[in-house]
Every structure is written in structure tokens, then in C-alpha cells.
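First up is the structure itself, then whatever we jot down about it.
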Protein chains: 2
Amino acid sequence: MTDTNSAAAPLRVAVSDGDSGFVQVLTKRLDRLGWEHVVMTGAVPVDRLVSMRLGAFVVDLALLGSHAWPYLERVTTELPALPVIVCTGQSTVAQRVRGLRLGADDWVTKPCHPEELIARVEAVARRRRHADTASAAEAVAAGDIEIRPDQFQAFAHGRSIDLTRREFELVQLLAAADGRVLEREEIYQRVWGYTMAHGDRSVDVFVRKLRSKFQQVSSDWNYIHTHFGVGYRFAAERALDGASEPVAAGTEAGIAAPTAPSAPDAAPKSLHAFA
Amino acid sequence: MTDTNSAAAPLRVAVSDGDSGFVQVLTKRLDRLGWEHVVMTGAVPVDRLVSMRLGAFVVDLALLGSHAWPYLERVTTELPALPVIVCTGQSTVAQRVRGLRLGADDWVTKPCHPEELIARVEAVARRRRHADTASAAEAVAAGDIEIRPDQFQAFAHGRSIDLTRREFELVQLLAAADGRVLEREEIYQRVWGYTMAHGDRSVDVFVRKLRSKFQQVSSDWNYIHTHFGVGYRFAAERALDGASEPVAAGTEAGIAAPTAPSAPDAAPKSLHAFA
DNA sequence: TCGCTGTGTGAACATCCTGTAATCCGTGGG
DNA sequence: CCCACGGATTACAGGATGTTCACACAGCGA
């Protein structure tokens, strides 16, 4: 719903091209889009590509001379999930067909406008991501609590706290804020999706519900902190003894595999707390 | 077998183009490839497209005049899973970028060689299928139930549960999600192929049918779990007492299945598994 | 200290969501 | 032409969730 047309998700792209002028323009544009990119003027060993965890790969086959076809084939074979866009000057229909059949996702002929190249990269990446269902956010843990986006749920000591959707979205937002204080307005805006009416207490009410539920399953931690006149902040802090002890993000509380089935991707990622 | 070099799972393609000469050549080629195809010289209502269950859609925007952009947007919005290849004569970089950003998967400029067009259609379809099918290959077992993609059917204690096509596709999708919660929208999107209309209860209804059938053959397991306000999750959990016991999803039905079916492949298929 | 404003709490109330089942429709076989 | 079957729609009921209120309590400045 949010990203209508542009691939909002910043992409990690590698460009392998010898044309420094073109690369320069492209690089600038990529920077502006906030995409991570690596530019290489020489051929890139396939092994290297594997370890780069790319979201897309733009390559000028001209660089590779006679190794072009075997190289392309090897890339598409070993990294079937990697979007490959060939960007080369001068080519025949036969070559393009061959490249595409070998597994390239698109074939752009230079000279071409960088914007079009980028749009094509987006198009391919979009299509790939579309199926890449798993790609949810990562789990976050703090204190005894683990928040799992893939489950739309939070867990404590391995069992589900029964958060409703709104409750979940609220904690998720707060937790993702990484220890920062969020104003009510902003919270409302982002969880409810529209502007908060004056006097609306919804956020407060939900914070209360959350505190209550957390309390029940993890009574010696405080998770949501009120900042008078401002808003709320999420951070796991030990309850009883006085001082603040911002173990905030600590995952040290061993979190057992929740009741939930093995989520392959759900490696709990610690919060980075900083006041 | 028939095709030497193409990625050729026969594809069902619709071509919407006014250029009869081009279409004729293309048609001939498609025939030879054994692809099902429908050719339309006029504009095609989006609703029609929906019911056609296409594998790809080639369209000449020139046919649509000023309705081109809204049309394209509507197609890509309502059928996000449908590969769309725009094939039009004369276009500016800006137009191509716009089209691609609106969701087109490729943009080919006429005149073009039909072979290249076909190769591009294949490339897009391949990319799309890569994700859809990647996980579909292997059988999954959970509780007493075994889902066999190769049979388009699920089994319990070795005998077929009589799932209809839709029912099967639904469980398969859920089971392949590996314990993750899937939102209704996404489910509908992926099983029905187009965007869910507001208020559509189809998913619920089919979930009910599935539960009912599972219940009949394996009454002491619960397979499909409702996540209020979100969607559904597939995981085999023992029925009786309240506690959760996630011998869940796609994983080895280890503890499970006293009378359980084979499930020889303990290897839980990963979505990222490469074919 | 007083008083104002902001926040915690609990409950009542209004809505929305889901389970369930019946009905309607189009397709294909007999 | 009728029937069986899968699938799409719709109606209804009960429960879950979200929203709103009134009141008690806590922070903060005069």
C-alpha cells in the first residue's frame, strides 16, 4: 500500500561495468536513492557475488569477452534468486535472446538512460521480492520478551503473550524505535494510520493494556516508560531495585524456542539501546 | 522436451495488440512453442483478464490512448502476480520509466523480433515462477497430514483427503509458509491470483472447509489457526488441552504421526531453496 | 500549598471479525 | 435437459477488539 511505484526498499546492487562515465552517473543516482551499491570495473568472480548478498546485479558482458556466456550461465545457475540485468552496448537479437534464455532478467542496450536502467532493476527486483514472502522484518528481543513480526505476536519465555493486532503494532513500533522516545502524535499516526484527534486517549489505553500483559508474563522487567508531556519509550529495564539499568536491549535473557514452530529467519536481533 | 533452449513450461499468454502483422508472426511462434495464447486486437477489460488465469500479458499501450496509464496501473494493482510486458512502438525514456514504475515487468519497443519478445516473456515468467514454485516442489508433513504437491492432494494416514483444487492450493500455501502467519490479503492474492475485494470472505470459507475435512480424518490435531485481525497460520498442534504444542509445520513431523504417513523427506523445504 | 494539565485505570459501549451454514451459479457429465 | 460438484456470495450470531468516558492520581509551575 505504501510503495505504489518505486521500489521503496533500498536495494543492494552491484554494477560491473567498464564505462566509467556511465558508472559515475549511475552511482550518483543510486546514492540519491539511498541504495547500497558496489561498482566494479573488472569481472567479478562468481564466488564473490555469492558472498555479497545482492539484491540485483547489473553487468556489462562486453567486459568479459569470450567468457561472457559461460560467466552469465554460471551466475544464473549458482544464484538463481539474484536478479541479473545485462547492460551492454551493441547487440544482436540473437545475443539478447541467448542472454535472456540463459537466465538474465533483462537486457538493456547502451547507450541508455540511467533512470531507465534503474527502473528496470526495480521492476525485476519487485517481481522477485513479490514471491520472496519470507522477507519480513527480523525478530527483536528485549528483557524476557521477543517480538516476532512473522507471527504478528510477541512471546515471553517461549509462549505467546496474546497481543491483539493493535497491541502488537504498537509494541513493534515502540521497540523498533530503538530506545528513543516517541510522541503520542507520531505513534498514533503510524499505528492508526491517520492523525490523532485532540483528546484521543487510545495510545494511553493501549499502552496500559500492553503493560498489563507484559506484567503478567514478565513481572520483573519494565518495558514501556512514560515521558511526561512527551510520549513513550520502549526499553527493558529491571523492575525492583531502584536505578535504571538499561539492559534495555539485552537479549541475555535466554529466550527459548517459542511455542511457535521453527521460523528459519527469526534470529532474534537485539535492540540497540541508547538513551 | 520439445524445446531445446527455452524455459518452457507452457505458458498461457494473452496478447493485446492492434498490429495484425506482428501478432500473426507472434502467434505462429507461440503455437510452435505450445503455449496457449489468446490474441485480442482491442482493449481488454481488467475483469476479463482476471478470469483468464494468465501466465503473462503482452500489451500494446498505443491501443488504449489516454487510458493507457490508468489501465496499466489497474492491471498491475489488481493482478500483481501477473507478468506484464508492454510492447509498444515509439516511446520516450520517461514513458518507459513510468510504465515500469507502474508495475510493468518489461517494456519492449517495436519493431522488435518476436523471438526476443518471447524470450523476455519467459524471463519475467521464470522470475515470477521461481518464487511461487520454489517451495512447491517437496512434500510437507505435519501432524497426521501430508501435503503432496505432485499429487495436488493431501493425505492422512495414507489415504487421500478429498481436497478440491482451491482447498489444496490454500493449504499448500499455508503449509509452505512454515509456521508464519499469513494475512488474508496475501493469501487471497496468491491463491486466487488477484487482489481481494473488500469484504470478501472466500478465504474464511475455504479455511472452514479445510478444517472440516481435516477434522474428519485427524480429529486430535488442529492445523489451521486463526490470528484475529490478521489471518491464518498453519501448524499441527495437538487438539485436547489448551496448551500449545507445536509439533508444527513443514518441519519433520518428528514427534507426530503415530499412524502418520511417510514423510520421508524430513528436509523442510525452505522458500529459498534453489531448484 | 493550590490548581491545572497530563496520565493511569476500569468499565461500558460500539464495531469489527470470524465461524457457520445456506443459497446461488456456472461448468461439465450423463 | 437434468444432475452433481466446486466455488462464490450472503446472512446471521457470538465473540473479540477498539473506542470512549468518568474518575483517581501524579507531575509541574505559580
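By convention in this document, the chains of the C-alpha cells carry letters A, B, ... by their order, each chain's residues are numbered from 1, and ligands are numbered from 1 in the order they are shown.
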> region 32-139 of chain B: which residues are strand (DSSP E) by DSSP, as number ranges by chain?
Replying inline: B: 36-40, 56-59, 84-89, 106-110
Residues of the last selection are to be written out with N, CA and C atoms, as an mmCIF file, in the first residue's frame.
```cif
data_model
loop_
_atom_site.group_PDB
_atom_site.id
_atom_site.type_symbol
_atom_site.label_atom_id
_atom_site.label_comp_id
_atom_site.auth_asym_id
_atom_site.auth_seq_id
_atom_site.Cartn_x
_atom_site.Cartn_y
_atom_site.Cartn_z
ATOM 1 N N GLU B 36 -0.369 -21.768 -24.774
ATOM 2 C CA GLU B 36 -1.748 -21.356 -25.020
ATOM 3 C C GLU B 36 -1.717 -19.853 -25.191
ATOM 4 N N HIS B 37 -2.492 -19.345 -26.084
ATOM 5 C CA HIS B 37 -2.490 -17.894 -26.216
ATOM 6 C C HIS B 37 -3.830 -17.366 -26.701
ATOM 7 N N VAL B 38 -4.085 -16.175 -26.289
ATOM 8 C CA VAL B 38 -5.303 -15.506 -26.702
ATOM 9 C C VAL B 38 -4.830 -14.196 -27.284
ATOM 10 N N VAL B 39 -5.329 -13.854 -28.417
ATOM 11 C CA VAL B 39 -4.936 -12.596 -29.007
ATOM 12 C C VAL B 39 -6.146 -11.693 -29.105
ATOM 13 N N MET B 40 -5.976 -10.485 -28.693
ATOM 14 C CA MET B 40 -7.089 -9.549 -28.762
ATOM 15 C C MET B 40 -6.618 -8.263 -29.414
ATOM 16 N N ALA B 56 1.104 -14.667 -18.418
ATOM 17 C CA ALA B 56 1.767 -13.437 -18.849
ATOM 18 C C ALA B 56 0.827 -12.640 -19.745
ATOM 19 N N PHE B 57 1.071 -11.360 -19.797
ATOM 20 C CA PHE B 57 0.201 -10.483 -20.572
ATOM 21 C C PHE B 57 1.052 -9.494 -21.361
ATOM 22 N N VAL B 58 0.922 -9.552 -22.657
ATOM 23 C CA VAL B 58 1.674 -8.638 -23.512
ATOM 24 C C VAL B 58 0.698 -7.601 -24.039
ATOM 25 N N VAL B 59 1.010 -6.358 -23.825
ATOM 26 C CA VAL B 59 0.053 -5.332 -24.238
ATOM 27 C C VAL B 59 0.709 -4.155 -24.958
ATOM 28 N N VAL B 84 3.563 -8.526 -16.749
ATOM 29 C CA VAL B 84 3.059 -7.640 -17.791
ATOM 30 C C VAL B 84 4.224 -7.131 -18.633
ATOM 31 N N ILE B 85 4.133 -7.378 -19.919
ATOM 32 C CA ILE B 85 5.167 -6.895 -20.812
ATOM 33 C C ILE B 85 4.532 -5.894 -21.771
ATOM 34 N N VAL B 86 4.983 -4.665 -21.700
ATOM 35 C CA VAL B 86 4.448 -3.660 -22.600
ATOM 36 C C VAL B 86 5.236 -3.748 -23.897
ATOM 37 N N CYS B 87 4.513 -3.769 -25.002
ATOM 38 C CA CYS B 87 5.185 -3.871 -26.292
ATOM 39 C C CYS B 87 4.606 -2.799 -27.194
ATOM 40 N N THR B 88 5.333 -1.733 -27.309
ATOM 41 C CA THR B 88 4.783 -0.566 -27.988
ATOM 42 C C THR B 88 5.830 0.079 -28.891
ATOM 43 N N GLY B 89 5.362 0.671 -29.940
ATOM 44 C CA GLY B 89 6.291 1.370 -30.819
ATOM 45 C C GLY B 89 6.558 2.747 -30.243
ATOM 46 N N ASP B 106 8.397 -5.442 -18.095
ATOM 47 C CA ASP B 106 9.367 -5.168 -19.147
ATOM 48 C C ASP B 106 8.680 -4.257 -20.154
ATOM 49 N N TRP B 107 9.502 -3.603 -20.948
ATOM 50 C CA TRP B 107 8.951 -2.692 -21.942
ATOM 51 C C TRP B 107 9.756 -2.902 -23.201
ATOM 52 N N VAL B 108 9.107 -3.393 -24.209
ATOM 53 C CA VAL B 108 9.795 -3.685 -25.458
ATOM 54 C C VAL B 108 9.330 -2.691 -26.517
ATOM 55 N N THR B 109 10.292 -2.182 -27.267
ATOM 56 C CA THR B 109 9.931 -1.214 -28.292
ATOM 57 C C THR B 109 9.814 -1.887 -29.648
ATOM 58 N N LYS B 110 8.703 -1.636 -30.304
ATOM 59 C CA LYS B 110 8.525 -2.161 -31.656
ATOM 60 C C LYS B 110 9.226 -1.213 -32.612
#
```
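Excluding Tyr223 (chain B) itself and same-chain residues fewer than 4 positions from it, the residues having an atom within 10 Å of it are Ala142, Gly143, Asp144, Ile145, Val171, Leu174, Ala175, Leu210, Arg211, Phe214, Gln215, Ser218, Arg233, Phe234, Ala235, Ala236, Glu237, Arg238, Ala239, Ala248 and Ala249 of chain B, counting only C-alpha atoms (C1' of nucleotides).
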>> Please list as a list in words every residue within 9 Å of region 4-6 of chain C, counting only C-alpha atoms (C1' of nucleotides) and excluding residues in the same chain fewer than 3 positions away.
In response: Phe228 and Gly229 of chain A; DA26, DG27 and DC28 of chain D
>> Residues of chain B were defined as contacting chain D if any atom lay at most 12 Å from it, counting only C-alpha atoms (C1' of nucleotides); please report them as a PyMOL selection string.
In response: chain B and resi 162-167+192+199-203+205-206+209+227-229
Taking only C-alpha atoms (C1' of nucleotides) into account, which residues of chain C are within 9 Å of chain A, as an mmCIF file with C-alpha atoms (C1' of nucleotides), in the first residue's frame?
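Full text of part-v6.cif as output:
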```cif
data_model
loop_
_atom_site.group_PDB
_atom_site.id
_atom_site.type_symbol
_atom_site.label_atom_id
_atom_site.label_comp_id
_atom_site.auth_asym_id
_atom_site.auth_seq_id
_atom_site.Cartn_x
_atom_site.Cartn_y
_atom_site.Cartn_z
ATOM 1 C "C1'" DG C 6 -1.386 15.084 31.672
ATOM 2 C "C1'" DT C 7 -1.655 10.082 32.598
ATOM 3 C "C1'" DG C 8 -3.346 5.518 34.783
ATOM 4 C "C1'" DT C 9 -7.368 2.654 35.422
#
```
